>>> print(open('structure-v8.csv').read())   # CSV, C-alpha atoms
chain,number,residue,atom,x,y,z
X,1,MET,CA,5.8,-17.1,11.1
X,2,ILE,CA,4.7,-16.4,7.5
X,3,ALA,CA,2.0,-17.7,5.2
X,4,VAL,CA,2.8,-17.6,1.5
X,5,ALA,CA,-0.4,-17.0,-0.4
X,6,GLU,CA,-1.3,-17.1,-4.1
X,7,GLY,CA,-3.3,-14.2,-5.5
X,8,GLU,CA,-6.9,-15.1,-6.1
X,9,ILE,CA,-7.8,-14.7,-9.7
X,10,ILE,CA,-11.1,-12.8,-9.9
X,11,LEU,CA,-11.4,-12.1,-13.6
X,12,GLN,CA,-9.5,-12.9,-16.8
X,13,THR,CA,-10.7,-11.5,-20.1
X,14,GLY,CA,-9.2,-10.1,-23.2
X,15,LYS,CA,-9.4,-6.6,-21.8
X,16,LEU,CA,-9.5,-6.9,-18.0
X,17,ASP,CA,-7.6,-9.1,-15.5
X,18,VAL,CA,-8.2,-8.7,-11.7
X,19,THR,CA,-6.2,-10.6,-9.1
X,20,LEU,CA,-7.0,-10.2,-5.4
X,21,LEU,CA,-3.7,-10.1,-3.5
X,22,VAL,CA,-4.7,-9.6,0.1
X,23,ASP,CA,-7.9,-9.2,2.0
X,24,VAL,CA,-7.6,-8.5,5.7
X,25,GLU,CA,-9.3,-6.0,7.9
X,26,GLN,CA,-6.7,-3.3,7.5
X,27,LEU,CA,-6.0,-3.7,3.8
X,28,ALA,CA,-7.5,-5.1,0.6
X,29,ALA,CA,-5.4,-5.0,-2.6
X,30,VAL,CA,-5.8,-6.0,-6.2
X,31,ASP,CA,-3.5,-6.3,-9.2
X,32,VAL,CA,-5.3,-5.0,-12.3
X,33,ARG,CA,-4.4,-5.3,-16.0
X,34,ALA,CA,-6.7,-3.2,-18.2
X,35,ALA,CA,-6.7,-2.5,-21.9
X,36,PRO,CA,-7.7,0.9,-23.2
X,37,GLY,CA,-11.4,0.9,-23.8
X,38,TRP,CA,-12.2,-1.7,-21.1
X,39,GLY,CA,-14.7,0.8,-19.6
X,40,LYS,CA,-14.9,2.3,-16.2
X,41,ALA,CA,-17.2,2.2,-13.2
X,42,PRO,CA,-19.6,5.1,-12.8
X,43,PRO,CA,-18.3,7.9,-10.6
X,44,HIS,CA,-18.5,6.8,-7.0
X,45,VAL,CA,-17.4,7.5,-3.5
X,46,HIS,CA,-16.1,5.6,-0.5
X,47,VAL,CA,-17.6,6.8,2.7
X,48,ARG,CA,-15.3,5.2,5.3
X,49,HIS,CA,-12.0,4.3,3.6
X,50,GLY,CA,-9.3,5.6,1.3
X,51,GLU,CA,-8.1,4.2,-2.0
X,52,ALA,CA,-4.5,4.3,-3.2
X,53,LEU,CA,-3.5,3.5,-6.8
X,54,TYR,CA,0.0,2.7,-8.0
X,55,VAL,CA,0.7,2.5,-11.7
X,56,LEU,CA,3.2,-0.1,-12.9
X,57,GLU,CA,2.6,0.2,-16.7
X,58,GLY,CA,0.6,2.4,-19.0
X,59,GLU,CA,-1.5,5.3,-17.9
X,60,LEU,CA,-4.6,5.8,-15.8
X,61,ALA,CA,-7.0,8.7,-15.8
X,62,LEU,CA,-8.3,9.5,-12.3
X,63,GLU,CA,-11.4,11.5,-12.9
X,64,LEU,CA,-12.7,13.9,-10.2
X,65,GLU,CA,-15.5,16.3,-10.2
X,66,ASP,CA,-13.4,19.3,-11.3
X,67,ARG,CA,-10.2,17.8,-12.8
X,68,VAL,CA,-8.5,14.8,-14.3
X,69,HIS,CA,-5.2,13.4,-13.0
X,70,LEU,CA,-3.1,11.3,-15.5
X,71,ILE,CA,-1.3,8.7,-13.4
X,72,ARG,CA,1.8,7.2,-15.1
X,73,PRO,CA,4.3,4.5,-14.1
X,74,GLU,CA,6.1,4.8,-10.8
X,75,SER,CA,3.4,7.1,-9.4
X,76,TRP,CA,0.8,6.9,-6.6
X,77,ALA,CA,-2.5,8.6,-6.3
X,78,PHE,CA,-4.5,8.6,-3.0
X,79,VAL,CA,-8.3,9.3,-2.9
X,80,PRO,CA,-9.5,10.1,0.6
X,81,PRO,CA,-12.9,9.1,1.9
X,82,GLY,CA,-15.8,11.2,0.5
X,83,VAL,CA,-14.2,12.2,-2.8
X,84,VAL,CA,-16.1,11.3,-5.9
X,85,HIS,CA,-13.9,9.6,-8.5
X,86,ALA,CA,-13.7,7.2,-11.4
X,87,VAL,CA,-10.7,5.5,-13.0
X,88,GLU,CA,-10.0,4.2,-16.5
X,89,ALA,CA,-7.1,3.1,-18.6
X,90,THR,CA,-6.1,5.7,-21.2
X,91,GLY,CA,-3.5,6.0,-24.0
X,92,ASP,CA,-2.6,3.4,-26.5
X,93,ALA,CA,-1.1,0.7,-24.3
X,94,PRO,CA,-2.6,-1.5,-21.6
X,95,ALA,CA,-2.3,-0.3,-18.1
X,96,ARG,CA,-1.3,-2.3,-15.0
X,97,PHE,CA,-1.9,-1.0,-11.6
X,98,LEU,CA,-2.3,-1.9,-7.9
X,99,ALA,CA,-5.4,-0.7,-6.1
X,100,LEU,CA,-5.2,-0.6,-2.3
X,101,HIS,CA,-8.2,0.0,0.0
X,102,ALA,CA,-7.5,1.0,3.6
X,103,PRO,CA,-9.2,-0.3,5.6
X,104,GLY,CA,-10.3,-3.3,3.6
X,105,SER,CA,-14.0,-2.5,4.0
X,106,SER,CA,-15.2,-5.8,2.5
X,107,TYR,CA,-13.5,-5.0,-0.9
X,108,GLY,CA,-12.6,-8.7,-1.2
X,109,ASP,CA,-16.3,-9.6,-1.0
X,110,TYR,CA,-17.0,-6.9,-3.5
X,111,VAL,CA,-14.7,-8.2,-6.3
X,112,ARG,CA,-16.1,-11.7,-5.6
X,113,GLY,CA,-19.6,-10.4,-6.3
X,114,ASP,CA,-21.1,-9.2,-3.0
X,115,VAL,CA,-21.5,-5.6,-4.1
X,116,ALA,CA,-23.8,-4.6,-1.2
X,117,ALA,CA,-21.2,-5.3,1.4
X,118,PHE,CA,-18.6,-2.9,0.1
X,119,ASP,CA,-18.1,0.7,1.2
X,120,GLN,CA,-19.0,2.3,-2.1
X,121,ARG,CA,-21.9,4.6,-3.1
X,122,PRO,CA,-22.9,6.2,-6.4
X,123,ALA,CA,-21.8,9.7,-6.8
X,124,ALA,CA,-25.5,10.8,-7.0
X,125,ASP,CA,-25.9,9.6,-3.4
X,126,ALA,CA,-23.1,11.8,-1.9
X,127,VAL,CA,-21.8,15.3,-1.7
X,128,SER,CA,-18.2,15.1,-2.7
X,129,ALA,CA,-15.4,16.2,-0.4
X,130,ASP,CA,-12.9,18.6,-1.9
X,131,PRO,CA,-11.2,17.0,-4.9
X,132,ALA,CA,-8.1,19.0,-4.0
X,133,LEU,CA,-7.6,16.5,-1.1
X,134,VAL,CA,-6.5,13.9,-3.7
X,135,VAL,CA,-2.7,13.4,-3.5
X,136,VAL,CA,-0.6,12.4,-6.5
X,137,ARG,CA,3.1,11.6,-6.0
X,138,ARG,CA,5.8,10.2,-8.2
X,139,ALA,CA,8.1,7.6,-6.5
X,140,GLY,CA,11.9,7.8,-6.8
X,141,GLY,CA,12.7,10.4,-4.1
X,142,GLU,CA,12.0,13.6,-6.0
X,143,GLU,CA,8.5,14.1,-4.7
X,144,GLY,CA,7.1,13.8,-1.1
X,145,ASP,CA,8.9,14.5,2.1
X,146,THR,CA,12.3,13.0,2.3
X,147,ILE,CA,13.0,12.5,6.0
X,148,THR,CA,16.3,10.6,5.9
X,149,ASP,CA,18.9,11.1,3.1
X,150,ARG,CA,22.4,9.9,3.7
X,151,PRO,CA,24.7,7.4,2.1
X,152,GLY,CA,23.1,4.0,2.4
X,153,ARG,CA,19.6,5.2,3.3
X,154,ARG,CA,16.8,7.4,2.0
X,155,ALA,CA,13.3,7.4,3.5
X,156,THR,CA,10.6,9.5,1.7
X,157,VAL,CA,7.0,9.9,2.9
X,158,LEU,CA,4.9,9.9,-0.3
X,159,PHE,CA,1.7,10.7,1.5
X,160,GLU,CA,0.2,10.5,5.0
X,161,THR,CA,-3.5,10.5,5.8
X,162,GLY,CA,-5.4,9.0,8.7
X,163,GLU,CA,-6.1,5.9,6.6
X,164,VAL,CA,-2.6,5.1,5.4
X,165,THR,CA,1.0,6.4,5.3
X,166,ILE,CA,3.0,5.2,2.2
X,167,SER,CA,6.7,5.7,2.3
X,168,GLU,CA,9.6,4.7,0.0
X,169,PHE,CA,12.8,3.3,1.4
X,170,HIS,CA,16.1,3.0,-0.4
X,171,TYR,CA,18.6,0.9,1.5
X,172,GLY,CA,22.3,0.3,0.6
X,173,ALA,CA,24.0,-3.1,0.8
X,174,GLY,CA,24.1,-4.3,4.4
X,175,GLU,CA,22.1,-1.4,5.8
X,176,ARG,CA,20.3,-2.1,9.1
X,177,GLY,CA,16.6,-1.4,9.4
X,178,ALA,CA,14.2,-1.8,12.3
X,179,GLN,CA,14.8,-4.2,15.2
X,180,GLN,CA,12.0,-6.7,16.0
X,181,HIS,CA,8.8,-5.0,17.3
X,182,VAL,CA,5.0,-5.1,17.2
X,183,HIS,CA,2.2,-2.8,16.4
X,184,ARG,CA,-0.8,-3.4,18.6
X,185,GLU,CA,-3.5,-1.4,16.8
X,186,HIS,CA,-2.5,-1.2,13.1
X,187,ALA,CA,-1.0,-3.3,10.2
X,188,ASP,CA,2.4,-2.8,8.6
X,189,ALA,CA,3.2,-3.9,5.0
X,190,PHE,CA,6.0,-3.8,2.5
X,191,LEU,CA,6.2,-4.1,-1.3
X,192,VAL,CA,9.7,-4.9,-2.3
X,193,LEU,CA,10.5,-3.2,-5.6
X,194,ASP,CA,14.2,-3.8,-6.2
X,195,GLY,CA,16.8,-6.0,-4.6
X,196,GLU,CA,16.0,-8.0,-1.5
X,197,PHE,CA,15.1,-7.3,2.1
X,198,THR,CA,15.4,-9.8,4.9
X,199,PHE,CA,12.5,-9.8,7.4
X,200,HIS,CA,13.0,-11.1,10.9
X,201,PHE,CA,10.1,-12.9,12.6
X,202,ARG,CA,9.9,-14.7,15.9
X,203,ASP,CA,10.5,-18.0,14.3
X,204,GLY,CA,13.3,-17.0,12.0
X,205,SER,CA,14.3,-14.7,9.1
X,206,HIS,CA,13.2,-14.7,5.5
X,207,ALA,CA,14.8,-13.0,2.5
X,208,LEU,CA,12.1,-11.6,0.2
X,209,PRO,CA,13.0,-10.5,-3.3
X,210,ALA,CA,11.5,-7.9,-5.6
X,211,GLY,CA,7.8,-8.6,-6.2
X,212,SER,CA,7.0,-9.6,-2.7
X,213,LEU,CA,4.1,-8.0,-0.9
X,214,LEU,CA,4.4,-8.7,2.9
X,215,VAL,CA,1.5,-7.8,5.2
X,216,MET,CA,1.7,-8.0,9.0
X,217,PRO,CA,-1.5,-7.7,10.9
X,218,PRO,CA,-1.4,-6.2,14.4
X,219,ASN,CA,0.8,-8.1,17.0
X,220,VAL,CA,3.0,-9.9,14.5
X,221,VAL,CA,6.6,-9.6,15.6
X,222,HIS,CA,8.8,-8.3,12.8
X,223,GLY,CA,11.9,-6.4,11.9
X,224,PHE,CA,13.9,-5.9,8.7
X,225,ASP,CA,17.4,-5.3,7.2
X,226,ASN,CA,19.1,-5.3,3.9
X,227,ASP,CA,21.4,-8.3,4.4
X,228,SER,CA,22.3,-8.5,0.7
X,229,GLY,CA,25.3,-7.2,-1.1
X,230,ALA,CA,23.3,-4.9,-3.3
X,231,SER,CA,21.0,-1.9,-2.8
X,232,ALA,CA,17.2,-2.5,-2.3
X,233,ARG,CA,14.1,-0.4,-2.5
X,234,CYS,CA,10.6,-0.9,-1.1
X,235,PHE,CA,7.3,0.8,-0.3
X,236,ASN,CA,6.2,0.7,3.3
X,237,PHE,CA,2.5,1.0,4.4
X,238,HIS,CA,1.0,1.7,7.8
X,239,MET,CA,-2.8,1.2,8.1
X,240,PRO,CA,-4.1,3.2,9.7
X,241,SER,CA,-1.3,5.7,10.0
X,242,TYR,CA,-1.1,6.3,13.7
X,243,GLY,CA,1.3,9.2,13.0
X,244,PHE,CA,4.0,7.0,11.5
X,245,ALA,CA,5.5,9.8,9.4
X,246,ASP,CA,5.9,12.0,12.5
X,247,TYR,CA,7.4,9.0,14.3
X,248,MET,CA,10.1,8.9,11.6
X,249,ARG,CA,10.5,12.7,12.1
X,250,GLY,CA,11.1,12.1,15.8
X,251,LYS,CA,7.9,13.9,16.8
X,252,ASN,CA,5.6,11.0,17.9
X,253,SER,CA,6.8,9.3,20.9
X,254,ASP,CA,3.4,7.7,21.4
X,255,PHE,CA,3.5,5.8,18.1
X,256,ASP,CA,1.9,2.4,18.1
X,257,GLN,CA,5.2,0.4,18.3
X,258,PHE,CA,6.4,-1.8,21.1
X,259,ASP,CA,9.0,-4.4,22.0
X,260,PRO,CA,8.0,-8.0,21.3
X,261,PRO,CA,5.8,-9.4,24.2
X,262,GLU,CA,7.7,-11.5,26.7
X,263,ASP,CA,5.1,-14.3,26.5
X,264,GLY,CA,6.2,-15.0,22.9
X,265,VAL,CA,2.7,-15.0,21.5
X,266,ASP,CA,2.0,-13.8,18.0
X,267,ALA,CA,-1.5,-12.9,16.8
X,268,GLY,CA,-1.0,-14.9,13.6
X,269,PRO,CA,1.2,-15.2,10.5
X,270,ALA,CA,2.5,-12.5,8.3
X,271,ILE,CA,1.2,-12.9,4.7
X,272,VAL,CA,3.5,-13.0,1.7
X,273,VAL,CA,2.1,-12.7,-1.9
X,274,ARG,CA,4.3,-12.7,-5.0
X,275,ILE,CA,3.6,-10.0,-7.6
X,276,PRO,CA,5.3,-10.2,-11.0
X,277,LEU,CA,7.1,-6.9,-11.5
>>> encode(input="structure-v8.csv", output="structure tokens")
Amino acid sequence: MIAVAEGEIILQTGKLDVTLLVDVEQLAAVDVRAAPGWGKAPPHVHVRHGEALYVLEGELALELEDRVHLIRPESWAFVPPGVVHAVEATGDAPARFLALHAPGSSYGDYVRGDVAAFDQRPAADAVSADPALVVVRRAGGEEGDTITDRPGRRATVLFETGEVTISEFHYGAGERGAQQHVHREHADAFLVLDGEFTFHFRDGSHALPAGSLLVMPPNVVHGFDNDSGASARCFNFHMPSYGFADYMRGKNSDFDQFDPPEDGVDAGPAIVVRIPL
């Protein structure tokens, strides 16, 4: 069972557009378009959750206490809990990026105006964790840990932390993926980048094209394949990680993944949001 949702427009101005894509316990995500000079929030810290940034267009400056990372298209940055940081659009062109907060930590309420509810503190109120813990990876298979690389399939872990594992999957035409299963304690999500993946749920299968963000809370039965006649690429997210990267490496037999329950009960729908790419 899936629920197709529209992004919630939070702000639309000449310099800054913010759309809330998903807001569940395990993940909150926004699509942001920012012109150079739109300004930036003061340096701050998240105490209990991590923040991941993926740049679609333009350039972001991720400012830390002792360095600045320039994040360009097709690149991820992950800021762990406790690291003081600030973000702004740089360069001559507008920037577009996705910001993911894992767990969600009331981020949806924050962008709607309930600032006090969100897990964010001014930098002056915290001692920063080591800025070297921030991870920056370019997608495409050249950076990160490529676990599977054979004709028809490549799986690369871009980064793995306690809060989230983000992997990149390339599947050839007709390549089989994961059979139906459930995660009892964590959420699974996919962002389809190129081509089309077919996701299999208890009530049937749905082909999702590029620009589809699919989020499955715990206990949602799901599996996936590339049933199309062309190659496909996606990002996969596990939140929290529960050692998913080691599971792919064959080292975590206790990973939070199980056969679908015999009673046929799902916890609720998977959520699909369309994102123009």
>>> closest_residue(input="structure-v8.csv", among="X:Thr156, X:Thr13, X:Ser105, X:Ser253", to="Leu27 of chain X", atoms="all atoms listed in the file")
X:Ser105
>>> residues_around(input="structure-v8.csv", residues="Glu6 of chain X", least_positions_apart="5", cutoff="10 Å", atoms="only C-alpha atoms", output="PyMOL selection string")
chain X and resi 19-22+272-275
>>> residues_near_point(input="structure-v8.csv", point="(-0.7, 9.2, -12.0)", cutoff="8 Å", atoms="only C-alpha atoms", output="list of chain:residue names")
X:Tyr54, X:Val55, X:Glu59, X:Leu60, X:Ala61, X:Leu62, X:His69, X:Leu70, X:Ile71, X:Arg72, X:Pro73, X:Ser75, X:Trp76, X:Ala77, X:Val136, X:Arg137, X:Arg138
>>> atom_distance(input="structure-v8.csv", atom1="atom CA of Phe78 of chain X", atom2="atom CA of Val134 of chain X")
5.7 Å
>>> closest_residue(input="structure-v8.csv", among="X:Glu8, X:Asp188, X:Glu65, X:Asp194", to="His222 of chain X", atoms="only C-alpha atoms")
X:Asp188
>>> closest_residue(input="structure-v8.csv", among="X:Ala99, X:Ala124, X:Ala52, X:Met248", to="Thr148 of chain X", atoms="all atoms listed in the file")
X:Met248
>>> residues_around(input="structure-v8.csv", residues="Glu163 of chain X", least_positions_apart="3", cutoff="8 Å", atoms="all atoms listed in the file", output="VMD selection string")
chain X and resid 49 to 50 102 to 103 160 239 to 241
>>> residues_around(input="structure-v8.csv", residues="Asp109 of chain X", least_positions_apart="5", cutoff="12 Å", atoms="all atoms listed in the file", output="list of chain:residue names")
X:Ile10, X:Leu20, X:Val22, X:Asp23, X:Val24, X:Glu25, X:Ala28, X:Ala29, X:Gly104, X:Asp114, X:Val115, X:Ala116, X:Ala117, X:Phe118, X:Asp119
>>> residues_around(input="structure-v8.csv", residues="Ala267 of chain X", least_positions_apart="5", cutoff="10 Å", atoms="all atoms listed in the file", output="number ranges by chain")
X: 184, 216-221
>>> closest_residue(input="structure-v8.csv", among="X:Tyr242, X:Thr165, X:Glu262, X:Leu277", to="Glu74 of chain X", atoms="only C-alpha atoms")
X:Leu277
>>> atom_distance(input="structure-v8.csv", atom1="atom CA of Tyr247 of chain X", atom2="atom CA of Ile147 of chain X")
10.6 Å
>>> build_atoms(input="structure-v8.csv", residues="segment 210-221 of chain X", atoms="N, CA, C and O atoms", output="JSON list (two decimals), in the frame of the given file")
[["chain", "number", "residue", "atom", "x", "y", "z"],
["X", 210, "ALA", "N", 12.39, -8.76, -4.90],
["X", 210, "ALA", "CA", 11.50, -7.90, -5.60],
["X", 210, "ALA", "C", 10.24, -8.62, -6.05],
["X", 210, "ALA", "O", 10.32, -9.76, -6.51],
["X", 211, "GLY", "N", 9.09, -7.96, -5.91],
["X", 211, "GLY", "CA", 7.80, -8.60, -6.20],
["X", 211, "GLY", "C", 7.14, -9.27, -5.09],
["X", 211, "GLY", "O", 6.13, -9.94, -5.27],
["X", 212, "SER", "N", 7.67, -9.06, -3.87],
["X", 212, "SER", "CA", 7.00, -9.60, -2.70],
["X", 212, "SER", "C", 6.22, -8.57, -1.96],
["X", 212, "SER", "O", 6.73, -7.49, -1.64],
["X", 213, "LEU", "N", 4.97, -8.88, -1.72],
["X", 213, "LEU", "CA", 4.10, -8.00, -0.90],
["X", 213, "LEU", "C", 3.93, -8.74, 0.44],
["X", 213, "LEU", "O", 3.41, -9.86, 0.50],
["X", 214, "LEU", "N", 4.40, -8.09, 1.51],
["X", 214, "LEU", "CA", 4.40, -8.70, 2.90],
["X", 214, "LEU", "C", 3.41, -7.83, 3.70],
["X", 214, "LEU", "O", 3.57, -6.61, 3.80],
["X", 215, "VAL", "N", 2.43, -8.48, 4.32],
["X", 215, "VAL", "CA", 1.50, -7.80, 5.20],
["X", 215, "VAL", "C", 1.49, -8.41, 6.55],
["X", 215, "VAL", "O", 1.38, -9.63, 6.70],
["X", 216, "MET", "N", 1.65, -7.55, 7.57],
["X", 216, "MET", "CA", 1.70, -8.00, 9.00],
["X", 216, "MET", "C", 0.56, -7.39, 9.74],
["X", 216, "MET", "O", 0.57, -6.19, 10.03],
["X", 217, "PRO", "N", -0.46, -8.18, 10.06],
["X", 217, "PRO", "CA", -1.50, -7.70, 10.90],
["X", 217, "PRO", "C", -1.02, -7.27, 12.27],
["X", 217, "PRO", "O", 0.14, -7.56, 12.62],
["X", 218, "PRO", "N", -1.84, -6.62, 13.09],
["X", 218, "PRO", "CA", -1.40, -6.20, 14.40],
["X", 218, "PRO", "C", -0.84, -7.41, 15.23],
["X", 218, "PRO", "O", -1.31, -8.55, 15.08],
["X", 219, "ASN", "N", 0.16, -7.11, 16.05],
["X", 219, "ASN", "CA", 0.80, -8.10, 17.00],
["X", 219, "ASN", "C", 1.60, -9.15, 16.35],
["X", 219, "ASN", "O", 1.93, -10.14, 17.01],
["X", 220, "VAL", "N", 2.00, -8.97, 15.10],
["X", 220, "VAL", "CA", 3.00, -9.90, 14.50],
["X", 220, "VAL", "C", 4.36, -9.29, 14.71],
["X", 220, "VAL", "O", 4.65, -8.17, 14.29],
["X", 221, "VAL", "N", 5.22, -10.03, 15.37],
["X", 221, "VAL", "CA", 6.60, -9.60, 15.60],
["X", 221, "VAL", "C", 7.37, -9.56, 14.33],
["X", 221, "VAL", "O", 7.39, -10.53, 13.58]]
